[in-house]
$ cat target_34.cif   # mmCIF, C-alpha atoms and all ligand atoms
data_my_file
#
loop_
_atom_site.group_PDB
_atom_site.id
_atom_site.type_symbol
_atom_site.label_atom_id
_atom_site.label_comp_id
_atom_site.auth_asym_id
_atom_site.auth_seq_id
_atom_site.Cartn_x
_atom_site.Cartn_y
_atom_site.Cartn_z
ATOM 1 C CA MET A 200 12.908 -13.443 -1.785
ATOM 2 C CA ARG A 201 14.153 -9.894 -2.101
ATOM 3 C CA VAL A 202 13.813 -8.238 1.312
ATOM 4 C CA LEU A 203 14.454 -4.587 2.156
ATOM 5 C CA VAL A 204 15.348 -3.947 5.809
ATOM 6 C CA THR A 205 15.411 -0.303 6.884
ATOM 7 C CA GLY A 206 18.006 0.314 9.579
ATOM 8 C CA GLY A 207 19.295 -3.180 8.827
ATOM 9 C CA ALA A 208 23.006 -2.525 9.370
ATOM 10 C CA LYS A 209 23.033 -2.076 13.132
ATOM 11 C CA GLU A 210 21.816 -3.561 16.400
ATOM 12 C CA LEU A 211 18.530 -5.455 16.158
ATOM 13 C CA GLY A 212 18.205 -4.579 12.460
ATOM 14 C CA ARG A 213 21.577 -6.213 11.838
ATOM 15 C CA ALA A 214 20.464 -9.337 13.715
ATOM 16 C CA PHE A 215 17.410 -9.408 11.413
ATOM 17 C CA SER A 216 19.661 -9.019 8.333
ATOM 18 C CA ASP A 217 21.935 -11.840 9.533
ATOM 19 C CA ALA A 218 18.991 -14.189 10.095
ATOM 20 C CA LEU A 219 17.430 -13.357 6.719
ATOM 21 C CA GLY A 220 20.753 -13.666 4.899
ATOM 22 C CA ALA A 221 21.327 -17.078 6.495
ATOM 23 C CA GLN A 222 17.981 -18.190 5.069
ATOM 24 C CA GLY A 223 19.104 -17.296 1.558
ATOM 25 C CA HIS A 224 17.106 -14.121 1.040
ATOM 26 C CA GLN A 225 18.469 -11.387 -1.187
ATOM 27 C CA LEU A 226 18.902 -8.287 0.993
ATOM 28 C CA VAL A 227 18.631 -4.556 0.476
ATOM 29 C CA ILE A 228 19.702 -2.704 3.625
ATOM 30 C CA THR A 229 19.263 0.991 4.363
ATOM 31 C CA GLY A 230 20.271 3.425 7.095
ATOM 32 C CA ARG A 231 21.952 6.800 7.561
ATOM 33 C CA ASP A 232 25.347 5.516 8.706
ATOM 34 C CA GLN A 233 27.479 4.871 5.620
ATOM 35 C CA LYS A 234 30.225 3.186 7.673
ATOM 36 C CA ALA A 235 27.850 0.717 9.342
ATOM 37 C CA LEU A 236 26.273 -0.036 5.958
ATOM 38 C CA ALA A 237 29.678 -0.751 4.401
ATOM 39 C CA THR A 238 30.623 -3.047 7.311
ATOM 40 C CA ALA A 239 27.340 -4.938 7.111
ATOM 41 C CA GLU A 240 27.681 -5.302 3.335
ATOM 42 C CA ALA A 241 31.258 -6.627 3.605
ATOM 43 C CA GLU A 242 30.470 -9.076 6.428
ATOM 44 C CA LEU A 243 27.284 -10.415 4.865
ATOM 45 C CA THR A 244 28.906 -10.739 1.441
ATOM 46 C CA ALA A 245 31.735 -12.728 3.064
ATOM 47 C CA GLN A 246 29.056 -15.103 4.382
ATOM 48 C CA GLY A 247 27.757 -15.584 0.847
ATOM 49 C CA VAL A 248 24.725 -13.325 1.171
ATOM 50 C CA ASP A 249 23.486 -11.403 -1.875
ATOM 51 C CA VAL A 250 23.261 -7.912 -0.361
ATOM 52 C CA GLU A 251 23.247 -4.278 -1.406
ATOM 53 C CA THR A 252 23.211 -1.264 0.897
ATOM 54 C CA HIS A 253 21.966 2.294 0.424
ATOM 55 C CA VAL A 254 22.014 5.447 2.505
ATOM 56 C CA ALA A 255 18.379 6.514 2.955
ATOM 57 C CA ASP A 256 17.246 8.764 5.804
ATOM 58 C CA LEU A 257 13.721 7.936 6.949
ATOM 59 C CA GLY A 258 13.443 11.544 8.075
ATOM 60 C CA ASP A 259 13.545 12.541 4.405
ATOM 61 C CA PRO A 260 10.034 11.652 3.193
ATOM 62 C CA GLY A 261 11.170 10.931 -0.376
ATOM 63 C CA ALA A 262 14.394 9.004 0.207
ATOM 64 C CA THR A 263 13.212 5.453 0.958
ATOM 65 C CA PRO A 264 10.218 5.577 -1.431
ATOM 66 C CA LYS A 265 12.530 6.730 -4.232
ATOM 67 C CA LEU A 266 14.926 3.877 -3.492
ATOM 68 C CA ILE A 267 12.090 1.312 -3.423
ATOM 69 C CA GLU A 268 10.757 2.591 -6.750
ATOM 70 C CA SER A 269 14.245 2.376 -8.283
ATOM 71 C CA LEU A 270 14.792 -1.236 -7.204
ATOM 72 C CA GLY A 271 12.345 -2.720 -9.681
ATOM 73 C CA GLY A 272 10.487 -4.809 -7.131
ATOM 74 C CA ILE A 273 10.881 -6.203 -3.639
ATOM 75 C CA ASP A 274 8.951 -9.062 -2.067
ATOM 76 C CA VAL A 275 9.123 -7.976 1.564
ATOM 77 C CA LEU A 276 9.645 -4.644 3.324
ATOM 78 C CA VAL A 277 10.837 -4.794 6.934
ATOM 79 C CA ASN A 278 10.229 -1.336 8.397
ATOM 80 C CA ASN A 279 12.748 -1.638 11.225
ATOM 81 C CA GLY A 280 14.497 1.760 11.300
ATOM 82 C CA ALA A 281 13.276 4.003 14.108
ATOM 83 C CA LEU A 282 14.277 6.559 16.689
ATOM 84 C CA GLY A 283 13.893 6.173 20.454
ATOM 85 C CA GLY A 284 13.033 9.857 20.646
ATOM 86 C CA PRO A 285 13.471 12.247 23.533
ATOM 87 C CA ILE A 286 13.227 11.062 27.149
ATOM 88 C CA GLY A 287 11.523 13.048 29.878
ATOM 89 C CA PRO A 288 8.164 14.529 30.859
ATOM 90 C CA THR A 289 6.362 15.133 27.569
ATOM 91 C CA TRP A 290 5.766 18.817 28.238
ATOM 92 C CA GLN A 291 9.445 19.366 28.976
ATOM 93 C CA VAL A 292 11.248 17.560 26.143
ATOM 94 C CA ASP A 293 12.320 19.438 23.024
ATOM 95 C CA GLU A 294 9.168 19.608 20.884
ATOM 96 C CA ASN A 295 11.144 19.503 17.636
ATOM 97 C CA ASP A 296 12.842 16.267 18.754
ATOM 98 C CA TRP A 297 9.461 14.915 19.812
ATOM 99 C CA TRP A 298 7.912 15.653 16.414
ATOM 100 C CA HIS A 299 10.942 14.456 14.433
ATOM 101 C CA THR A 300 10.463 11.047 16.058
ATOM 102 C CA PHE A 301 7.047 10.875 14.354
ATOM 103 C CA GLU A 302 8.561 11.957 11.049
ATOM 104 C CA VAL A 303 10.961 8.996 11.179
ATOM 105 C CA ASN A 304 8.907 6.343 12.979
ATOM 106 C CA LEU A 305 5.475 7.042 11.507
ATOM 107 C CA ARG A 306 5.864 9.024 8.268
ATOM 108 C CA GLY A 307 9.051 7.167 7.307
ATOM 109 C CA THR A 308 7.345 3.812 7.888
ATOM 110 C CA ALA A 309 4.088 4.823 6.159
ATOM 111 C CA PHE A 310 5.720 6.290 3.074
ATOM 112 C CA ALA A 311 8.060 3.303 2.667
ATOM 113 C CA ALA A 312 5.044 0.987 2.954
ATOM 114 C CA ASN A 313 3.124 3.054 0.383
ATOM 115 C CA ALA A 314 5.982 2.850 -2.114
ATOM 116 C CA ALA A 315 6.356 -0.898 -1.546
ATOM 117 C CA ILE A 316 2.631 -1.462 -2.033
ATOM 118 C CA ARG A 317 2.651 0.610 -5.241
ATOM 119 C CA THR A 318 5.474 -1.500 -6.695
ATOM 120 C CA MET A 319 4.596 -4.963 -5.327
ATOM 121 C CA THR A 320 2.404 -7.539 -6.977
ATOM 122 C CA SER A 321 2.529 -9.774 -3.915
ATOM 123 C CA GLY A 322 4.446 -9.980 -0.680
ATOM 124 C CA ARG A 323 4.338 -8.455 2.750
ATOM 125 C CA ILE A 324 5.069 -5.359 4.775
ATOM 126 C CA ILE A 325 6.394 -5.984 8.280
ATOM 127 C CA ASN A 326 6.361 -3.007 10.608
ATOM 128 C CA VAL A 327 8.620 -3.454 13.626
ATOM 129 C CA VAL A 328 6.749 -2.003 16.591
ATOM 130 C CA SER A 329 6.969 -2.303 20.350
ATOM 131 C CA ASN A 330 4.999 -3.201 23.412
ATOM 132 C CA ALA A 331 5.369 0.524 24.183
ATOM 133 C CA GLY A 332 2.920 1.125 21.323
ATOM 134 C CA VAL A 333 0.438 -1.386 22.703
ATOM 135 C CA HIS A 334 0.541 -0.303 26.332
ATOM 136 C CA ARG A 335 2.411 2.873 27.242
ATOM 137 C CA TRP A 336 5.893 4.160 27.996
ATOM 138 C CA PRO A 337 5.725 7.278 30.161
ATOM 139 C CA TYR A 338 8.662 9.644 29.662
ATOM 140 C CA VAL A 339 9.255 8.138 26.204
ATOM 141 C CA THR A 340 6.017 9.298 24.609
ATOM 142 C CA ALA A 341 7.170 10.190 21.092
ATOM 143 C CA TYR A 342 8.364 6.579 20.695
ATOM 144 C CA SER A 343 5.327 5.042 22.395
ATOM 145 C CA VAL A 344 2.717 7.093 20.542
ATOM 146 C CA SER A 345 4.436 6.803 17.146
ATOM 147 C CA LYS A 346 4.585 3.007 17.516
ATOM 148 C CA ALA A 347 0.896 2.942 18.516
ATOM 149 C CA ALA A 348 0.127 4.853 15.314
ATOM 150 C CA VAL A 349 2.160 2.374 13.241
ATOM 151 C CA ILE A 350 0.150 -0.527 14.700
ATOM 152 C CA LYS A 351 -3.100 1.250 13.774
ATOM 153 C CA LEU A 352 -1.738 2.038 10.301
ATOM 154 C CA GLY A 353 -1.106 -1.676 9.754
ATOM 155 C CA GLU A 354 -4.651 -2.583 10.778
ATOM 156 C CA ASN A 355 -6.069 -0.116 8.254
ATOM 157 C CA LEU A 356 -3.713 -1.033 5.396
ATOM 158 C CA ALA A 357 -4.527 -4.719 5.802
ATOM 159 C CA VAL A 358 -8.218 -4.000 5.195
ATOM 160 C CA GLU A 359 -7.447 -1.800 2.191
ATOM 161 C CA LEU A 360 -5.318 -4.649 0.783
ATOM 162 C CA LYS A 361 -7.740 -7.479 1.502
ATOM 163 C CA ASN A 362 -8.260 -8.180 -2.216
ATOM 164 C CA ARG A 363 -4.548 -8.164 -3.027
ATOM 165 C CA PRO A 364 -1.937 -10.782 -2.014
ATOM 166 C CA ILE A 365 -0.060 -8.327 0.194
ATOM 167 C CA ALA A 366 -0.033 -8.867 3.954
ATOM 168 C CA VAL A 367 0.719 -6.146 6.493
ATOM 169 C CA LEU A 368 1.959 -7.293 9.886
ATOM 170 C CA SER A 369 3.131 -5.514 13.006
ATOM 171 C CA TYR A 370 5.967 -7.255 14.789
ATOM 172 C CA ASP A 371 6.919 -6.608 18.410
ATOM 173 C CA PRO A 372 10.359 -8.253 18.680
ATOM 174 C CA GLY A 373 10.290 -8.198 22.487
ATOM 175 C CA MET A 374 12.807 -6.447 24.690
ATOM 176 C CA VAL A 375 16.272 -7.517 23.575
ATOM 177 C CA ASP A 376 19.667 -6.848 25.095
ATOM 178 C CA ILE A 377 20.941 -4.724 22.204
ATOM 179 C CA GLY A 378 19.847 -1.508 20.544
ATOM 180 C CA LEU A 379 17.464 0.749 22.401
ATOM 181 C CA MET A 380 16.951 -1.509 25.421
ATOM 182 C CA GLY A 381 20.597 -2.606 25.574
ATOM 183 C CA ARG A 382 21.664 1.042 25.702
ATOM 184 C CA GLY A 383 18.923 1.705 28.258
ATOM 185 C CA CYS A 384 20.321 -1.002 30.532
ATOM 186 C CA ASP A 385 23.832 0.386 30.167
ATOM 187 C CA ALA A 386 22.805 3.988 30.819
ATOM 188 C CA ASP A 387 25.185 5.475 33.365
ATOM 189 C CA THR A 388 23.953 9.003 33.767
ATOM 190 C CA ASP A 389 23.139 11.894 36.087
ATOM 191 C CA ASP A 390 20.063 12.697 34.031
ATOM 192 C CA PRO A 391 17.163 11.646 36.307
ATOM 193 C CA ASP A 392 14.806 10.785 33.437
ATOM 194 C CA LEU A 393 17.360 8.638 31.648
ATOM 195 C CA TRP A 394 18.371 7.087 34.959
ATOM 196 C CA ARG A 395 14.729 6.128 35.628
ATOM 197 C CA ILE A 396 14.482 4.419 32.230
ATOM 198 C CA GLY A 397 17.788 2.627 32.815
ATOM 199 C CA ARG A 398 16.677 1.346 36.216
ATOM 200 C CA TRP A 399 13.416 0.078 34.715
ATOM 201 C CA ALA A 400 15.227 -1.598 31.779
ATOM 202 C CA ARG A 401 17.637 -3.375 34.139
ATOM 203 C CA SER A 402 14.734 -4.564 36.303
ATOM 204 C CA GLN A 403 12.973 -6.007 33.244
ATOM 205 C CA ARG A 404 16.140 -7.850 32.245
ATOM 206 C CA ALA A 405 16.724 -9.111 35.795
ATOM 207 C CA ASP A 406 13.130 -10.394 35.933
ATOM 208 C CA GLY A 407 13.756 -12.465 32.795
ATOM 209 C CA ARG A 408 11.458 -10.392 30.582
ATOM 210 C CA PHE A 409 13.999 -10.026 27.763
ATOM 211 C CA THR A 410 13.827 -12.080 24.570
ATOM 212 C CA PRO A 411 17.087 -13.620 23.272
ATOM 213 C CA VAL A 412 18.168 -11.765 20.127
ATOM 214 C CA GLU A 413 18.376 -15.013 18.098
ATOM 215 C CA GLN A 414 14.792 -15.860 19.046
ATOM 216 C CA SER A 415 13.621 -12.384 18.110
ATOM 217 C CA ALA A 416 15.388 -12.543 14.734
ATOM 218 C CA GLY A 417 14.208 -16.123 14.178
ATOM 219 C CA LEU A 418 10.561 -15.113 14.549
ATOM 220 C CA LEU A 419 11.085 -12.183 12.165
ATOM 221 C CA ALA A 420 12.475 -14.638 9.599
ATOM 222 C CA ARG A 421 9.343 -16.772 9.933
ATOM 223 C CA ILE A 422 7.135 -13.712 9.373
ATOM 224 C CA VAL A 423 9.226 -12.805 6.298
ATOM 225 C CA SER A 424 8.683 -16.340 4.956
ATOM 226 C CA GLY A 425 4.906 -15.762 4.943
ATOM 227 C CA GLU A 426 4.013 -18.039 7.855
ATOM 228 C CA PHE A 427 1.846 -15.348 9.479
ATOM 229 C CA ASP A 428 0.196 -13.818 6.387
ATOM 230 C CA HIS A 429 -3.189 -15.192 7.480
ATOM 231 C CA ARG A 430 -2.995 -12.727 10.388
ATOM 232 C CA SER A 431 -2.588 -9.656 8.160
ATOM 233 C CA GLY A 432 -3.427 -6.507 10.106
ATOM 234 C CA GLY A 433 -2.452 -8.148 13.367
ATOM 235 C CA LEU A 434 0.406 -7.982 15.833
ATOM 236 C CA ILE A 435 2.950 -10.786 16.164
ATOM 237 C CA THR A 436 4.814 -10.930 19.491
ATOM 238 C CA PRO A 437 7.448 -13.205 21.094
ATOM 239 C CA LYS A 438 4.547 -15.326 22.417
ATOM 240 C CA ASP A 439 4.008 -16.495 18.802
ATOM 241 C CA ALA A 440 7.507 -18.053 18.634
HETATM 242 N N1 LIG B 501 15.882 -3.030 21.276
HETATM 243 C C1 LIG B 501 14.707 -3.435 21.747
HETATM 244 O O1 LIG B 501 14.633 -4.021 22.859
HETATM 245 C C2 LIG B 501 13.440 -3.196 20.970
HETATM 246 C C3 LIG B 501 12.220 -3.550 21.588
HETATM 247 C C4 LIG B 501 11.030 -3.373 20.881
HETATM 248 C C5 LIG B 501 11.076 -2.862 19.600
HETATM 249 N N2 LIG B 501 12.264 -2.525 19.029
HETATM 250 C C6 LIG B 501 12.240 -1.993 17.659
HETATM 251 O O2 LIG B 501 13.245 -2.615 16.877
HETATM 252 C C7 LIG B 501 13.711 -1.708 15.878
HETATM 253 C C8 LIG B 501 15.230 -1.587 15.990
HETATM 254 O O3 LIG B 501 15.526 -1.081 17.274
HETATM 255 P P1 LIG B 501 16.997 -1.049 17.905
HETATM 256 O O4 LIG B 501 16.833 -1.372 19.324
HETATM 257 O O5 LIG B 501 17.938 -1.820 17.076
HETATM 258 O O6 LIG B 501 17.290 0.529 17.787
HETATM 259 P P2 LIG B 501 18.649 1.311 17.515
HETATM 260 O O7 LIG B 501 19.798 0.621 18.125
HETATM 261 O O8 LIG B 501 18.393 2.731 17.942
HETATM 262 O O9 LIG B 501 18.790 1.241 15.957
HETATM 263 C C9 LIG B 501 17.926 1.979 15.151
HETATM 264 C C10 LIG B 501 18.118 1.590 13.705
HETATM 265 O O10 LIG B 501 17.286 2.455 12.929
HETATM 266 C C11 LIG B 501 18.081 3.163 12.014
HETATM 267 N N3 LIG B 501 17.589 4.534 11.917
HETATM 268 C C12 LIG B 501 17.364 5.409 12.924
HETATM 269 N N4 LIG B 501 16.970 6.601 12.429
HETATM 270 C C13 LIG B 501 16.948 6.446 11.080
HETATM 271 C C14 LIG B 501 16.632 7.311 10.016
HETATM 272 N N5 LIG B 501 16.272 8.588 10.213
HETATM 273 N N6 LIG B 501 16.720 6.844 8.748
HETATM 274 C C15 LIG B 501 17.112 5.556 8.509
HETATM 275 N N7 LIG B 501 17.412 4.697 9.482
HETATM 276 C C16 LIG B 501 17.332 5.132 10.752
HETATM 277 C C17 LIG B 501 19.513 3.135 12.561
HETATM 278 O O11 LIG B 501 20.467 3.179 11.512
HETATM 279 P P3 LIG B 501 21.318 4.510 11.170
HETATM 280 O O12 LIG B 501 21.860 5.042 12.454
HETATM 281 O O13 LIG B 501 22.323 4.033 10.187
HETATM 282 O O14 LIG B 501 20.359 5.468 10.533
HETATM 283 C C18 LIG B 501 19.550 1.760 13.230
HETATM 284 O O15 LIG B 501 19.868 0.769 12.278
HETATM 285 C C19 LIG B 501 12.984 -0.381 16.123
HETATM 286 O O16 LIG B 501 11.876 -0.289 15.250
HETATM 287 C C20 LIG B 501 12.510 -0.499 17.556
HETATM 288 O O17 LIG B 501 11.358 0.238 17.798
HETATM 289 C C21 LIG B 501 13.449 -2.681 19.683
#
$ encode --input "target_34.cif" --output "structure tokens" --more "lines below"
Ligand SMILES: NC(=O)c1ccc[n+]([C@@H]2O[C@H](COP(=O)([O-])OP(=O)(O)OC[C@H]3O[C@@H](n4cnc5c(N)ncnc54)[C@H](OP(=O)(O)O)[C@@H]3O)[C@@H](O)[C@H]2O)c1
Amino acid sequence: MRVLVTGGAKELGRAFSDALGAQGHQLVITGRDQKALATAEAELTAQGVDVETHVADLGDPGATPKLIESLGGIDVLVNNGALGGPIGPTWQVDENDWWHTFEVNLRGTAFAANAAIRTMTSGRIINVVSNAGVHRWPYVTAYSVSKAAVIKLGENLAVELKNRPIAVLSYDPGMVDIGLMGRGCDADTDDPDLWRIGRWARSQRADGRFTPVEQSAGLLARIVSGEFDHRSGGLITPKDA
């Protein structure tokens, strides 16, 4: 299958790309970081994966849709790229940063999904979300609320697509020791808000609440294969592994 992974060159997105490449999927990877994209392309190609990479900023509403329309068809869109957004009391963080997080996490995801749906005859859209969008994440509200909106978007799209062979699934990959949560655990800072998040992240890891990256990527690969299409509109979590 031809699978587009936004933000697929780094961190958890890269683990997803590695797992999908190992299963023989043809990959299209996007991100903003040209260097990371080139590294991912070289390493995956060396492993025999059919991969192409493109710079596409999810903050630019037209960039990813334009790319998807130019590709001449994908089977699966993995909306992985996202921002962690500003950290701190909601009324104190920079409001432009707060809103930009929605532009990337919600508008970027929605517009990529729209373009994929317009060009797909069948397949699936997988929106990578977070437990923070199901429950809450005080002091990280742009992230939490934007992910909640993405979950609700998926529920609605699935109903609109019920007569077409396109599934829409939300995937919470669990807390993993790379990317946003990995950096959270490593945070060594005087900033009290960031310090609070770091302390919480380390406590979650110490309590065994993290999901191994391979397990997280393995479940994503099963969703990409279509195993969970019967749950279109729903949320897949590490408990489904
Ligand atoms: N890490 C965790 O424990 C965890 C837990 C639950 C959910 N998640 C979800 O998993 C996904 C990946 O998270 P992560 O931890 O790997 O985060 P990360 O380390 O911050 O990586 C974010 C990824 O998104 C891309 N990205 C960010 N802004 C972008 C933009 N404007 N346009 C295009 N790409 C953009 C980045 O690539 P560029 O820098 O190249 O743009 C990077 O590949 C996210 O959707 C996140 O919500 C992660």
$ residues_near_ligand --input "target_34.cif" --ligand "ligand LIG 501 (chain B)" --cutoff "6 Å" --atoms "only C-alpha atoms and all ligand atoms" --output "PyMOL selection string"
chain A and resi 205-212+230-232+255-258+279-282+303+327-329+371-375+377-380
$ residues_around --input "target_34.cif" --residues "range 384-388 of chain A" --least-positions-apart "6" --cutoff "6 Å" --atoms "only C-alpha atoms" --output "PyMOL selection string"
chain A and resi 397+400-401
$ residues_around --input "target_34.cif" --residues "Ala341 in chain A" --least-positions-apart "6" --cutoff "12 Å" --atoms "all atoms listed in the file" --output "ChimeraX atom specification"
/A:281-290,292-305,331-332,335,347-348
$ write_last_selection --input "target_34.cif" --atoms "C-alpha atoms" --output "compact mmCIF listing (two decimals), in the frame of the given file"
# COMPACT_ATOMS: atom_id res chain seq x y z
CA ALA A 281 13.28 4.00 14.11
CA LEU A 282 14.28 6.56 16.69
CA GLY A 283 13.89 6.17 20.45
CA GLY A 284 13.03 9.86 20.65
CA PRO A 285 13.47 12.25 23.53
CA ILE A 286 13.23 11.06 27.15
CA GLY A 287 11.52 13.05 29.88
CA PRO A 288 8.16 14.53 30.86
CA THR A 289 6.36 15.13 27.57
CA TRP A 290 5.77 18.82 28.24
CA VAL A 292 11.25 17.56 26.14
CA ASP A 293 12.32 19.44 23.02
CA GLU A 294 9.17 19.61 20.88
CA ASN A 295 11.14 19.50 17.64
CA ASP A 296 12.84 16.27 18.75
CA TRP A 297 9.46 14.92 19.81
CA TRP A 298 7.91 15.65 16.41
CA HIS A 299 10.94 14.46 14.43
CA THR A 300 10.46 11.05 16.06
CA PHE A 301 7.05 10.88 14.35
CA GLU A 302 8.56 11.96 11.05
CA VAL A 303 10.96 9.00 11.18
CA ASN A 304 8.91 6.34 12.98
CA LEU A 305 5.48 7.04 11.51
CA ALA A 331 5.37 0.52 24.18
CA GLY A 332 2.92 1.12 21.32
CA ARG A 335 2.41 2.87 27.24
CA ALA A 347 0.90 2.94 18.52
CA ALA A 348 0.13 4.85 15.31
$ atom_distance --input "target_34.cif" --atom1 "CA of Asn330 in chain A" --atom2 "CA of Tyr370 in chain A"
9.6 Å
$ residues_around --input "target_34.cif" --residues "range 360-366 of chain A" --least-positions-apart "2" --cutoff "6 Å" --atoms "all atoms listed in the file" --output "list in words"
Ser321, Gly322, Arg323, Ala357, Val358, Asp428 and Ser431 of chain A
$ write_last_selection --input "target_34.cif" --atoms "C-alpha atoms" --output "CSV table (one decimal), keeping the file's coordinate frame"
chain,number,residue,atom,x,y,z
A,321,SER,CA,2.5,-9.8,-3.9
A,322,GLY,CA,4.4,-10.0,-0.7
A,323,ARG,CA,4.3,-8.5,2.8
A,357,ALA,CA,-4.5,-4.7,5.8
A,358,VAL,CA,-8.2,-4.0,5.2
A,428,ASP,CA,0.2,-13.8,6.4
A,431,SER,CA,-2.6,-9.7,8.2
$ closest_residue --input "target_34.cif" --among "A:Thr229, A:Thr308, A:Thr318, A:Gln291" --to "Ser345 in chain A" --atoms "only C-alpha atoms"
A:Thr308
$ build_atoms --input "target_34.cif" --residues "range 386-392 of chain A" --atoms "all heavy atoms" --output "PDB file, in the frame of the given file"
ATOM      1  N   ALA A 386      22.770   2.540  30.579  1.00  0.00           N
ATOM      2  CA  ALA A 386      22.805   3.988  30.819  1.00  0.00           C
ATOM      3  C   ALA A 386      23.418   4.300  32.179  1.00  0.00           C
ATOM      4  O   ALA A 386      22.941   3.830  33.214  1.00  0.00           O
ATOM      5  CB  ALA A 386      21.389   4.561  30.715  1.00  0.00           C
ATOM      6  N   ASP A 387      24.499   5.061  32.149  1.00  0.00           N
ATOM      7  CA  ASP A 387      25.185   5.475  33.365  1.00  0.00           C
ATOM      8  C   ASP A 387      25.163   6.996  33.312  1.00  0.00           C
ATOM      9  O   ASP A 387      25.946   7.600  32.586  1.00  0.00           O
ATOM     10  CB  ASP A 387      26.621   4.920  33.323  1.00  0.00           C
ATOM     11  CG  ASP A 387      27.406   5.332  34.552  1.00  0.00           C
ATOM     12  OD1 ASP A 387      26.770   5.790  35.515  1.00  0.00           O
ATOM     13  OD2 ASP A 387      28.649   5.223  34.522  1.00  0.00           O
ATOM     14  N   THR A 388      24.236   7.600  34.026  1.00  0.00           N
ATOM     15  CA  THR A 388      23.953   9.003  33.767  1.00  0.00           C
ATOM     16  C   THR A 388      23.485   9.738  35.024  1.00  0.00           C
ATOM     17  O   THR A 388      22.932   9.120  35.935  1.00  0.00           O
ATOM     18  CB  THR A 388      22.849   9.102  32.683  1.00  0.00           C
ATOM     19  OG1 THR A 388      22.436  10.446  32.563  1.00  0.00           O
ATOM     20  CG2 THR A 388      21.628   8.261  33.020  1.00  0.00           C
ATOM     21  N   ASP A 389      23.677  11.047  35.016  1.00  0.00           N
ATOM     22  CA  ASP A 389      23.139  11.894  36.087  1.00  0.00           C
ATOM     23  C   ASP A 389      21.751  12.409  35.733  1.00  0.00           C
ATOM     24  O   ASP A 389      21.059  12.990  36.568  1.00  0.00           O
ATOM     25  CB  ASP A 389      24.058  13.114  36.299  1.00  0.00           C
ATOM     26  CG  ASP A 389      25.408  12.689  36.866  1.00  0.00           C
ATOM     27  OD1 ASP A 389      25.451  11.637  37.531  1.00  0.00           O
ATOM     28  OD2 ASP A 389      26.402  13.412  36.619  1.00  0.00           O
ATOM     29  N   ASP A 390      21.381  12.211  34.468  1.00  0.00           N
ATOM     30  CA  ASP A 390      20.063  12.697  34.031  1.00  0.00           C
ATOM     31  C   ASP A 390      18.977  11.856  34.712  1.00  0.00           C
ATOM     32  O   ASP A 390      18.910  10.643  34.498  1.00  0.00           O
ATOM     33  CB  ASP A 390      19.978  12.570  32.500  1.00  0.00           C
ATOM     34  CG  ASP A 390      18.636  13.029  31.945  1.00  0.00           C
ATOM     35  OD1 ASP A 390      17.577  12.569  32.454  1.00  0.00           O
ATOM     36  OD2 ASP A 390      18.642  13.834  31.019  1.00  0.00           O
ATOM     37  N   PRO A 391      18.111  12.455  35.538  1.00  0.00           N
ATOM     38  CA  PRO A 391      17.163  11.646  36.307  1.00  0.00           C
ATOM     39  C   PRO A 391      16.154  10.891  35.441  1.00  0.00           C
ATOM     40  O   PRO A 391      15.746   9.780  35.797  1.00  0.00           O
ATOM     41  CB  PRO A 391      16.442  12.683  37.196  1.00  0.00           C
ATOM     42  CG  PRO A 391      16.754  14.024  36.600  1.00  0.00           C
ATOM     43  CD  PRO A 391      18.026  13.885  35.830  1.00  0.00           C
ATOM     44  N   ASP A 392      15.786  11.462  34.305  1.00  0.00           N
ATOM     45  CA  ASP A 392      14.806  10.785  33.437  1.00  0.00           C
ATOM     46  C   ASP A 392      15.427   9.560  32.773  1.00  0.00           C
ATOM     47  O   ASP A 392      14.828   8.483  32.736  1.00  0.00           O
ATOM     48  CB  ASP A 392      14.269  11.760  32.387  1.00  0.00           C
ATOM     49  CG  ASP A 392      13.538  12.926  33.030  1.00  0.00           C
ATOM     50  OD1 ASP A 392      12.732  12.670  33.953  1.00  0.00           O
ATOM     51  OD2 ASP A 392      13.803  14.078  32.644  1.00  0.00           O
TER      52      ASP A 392
END
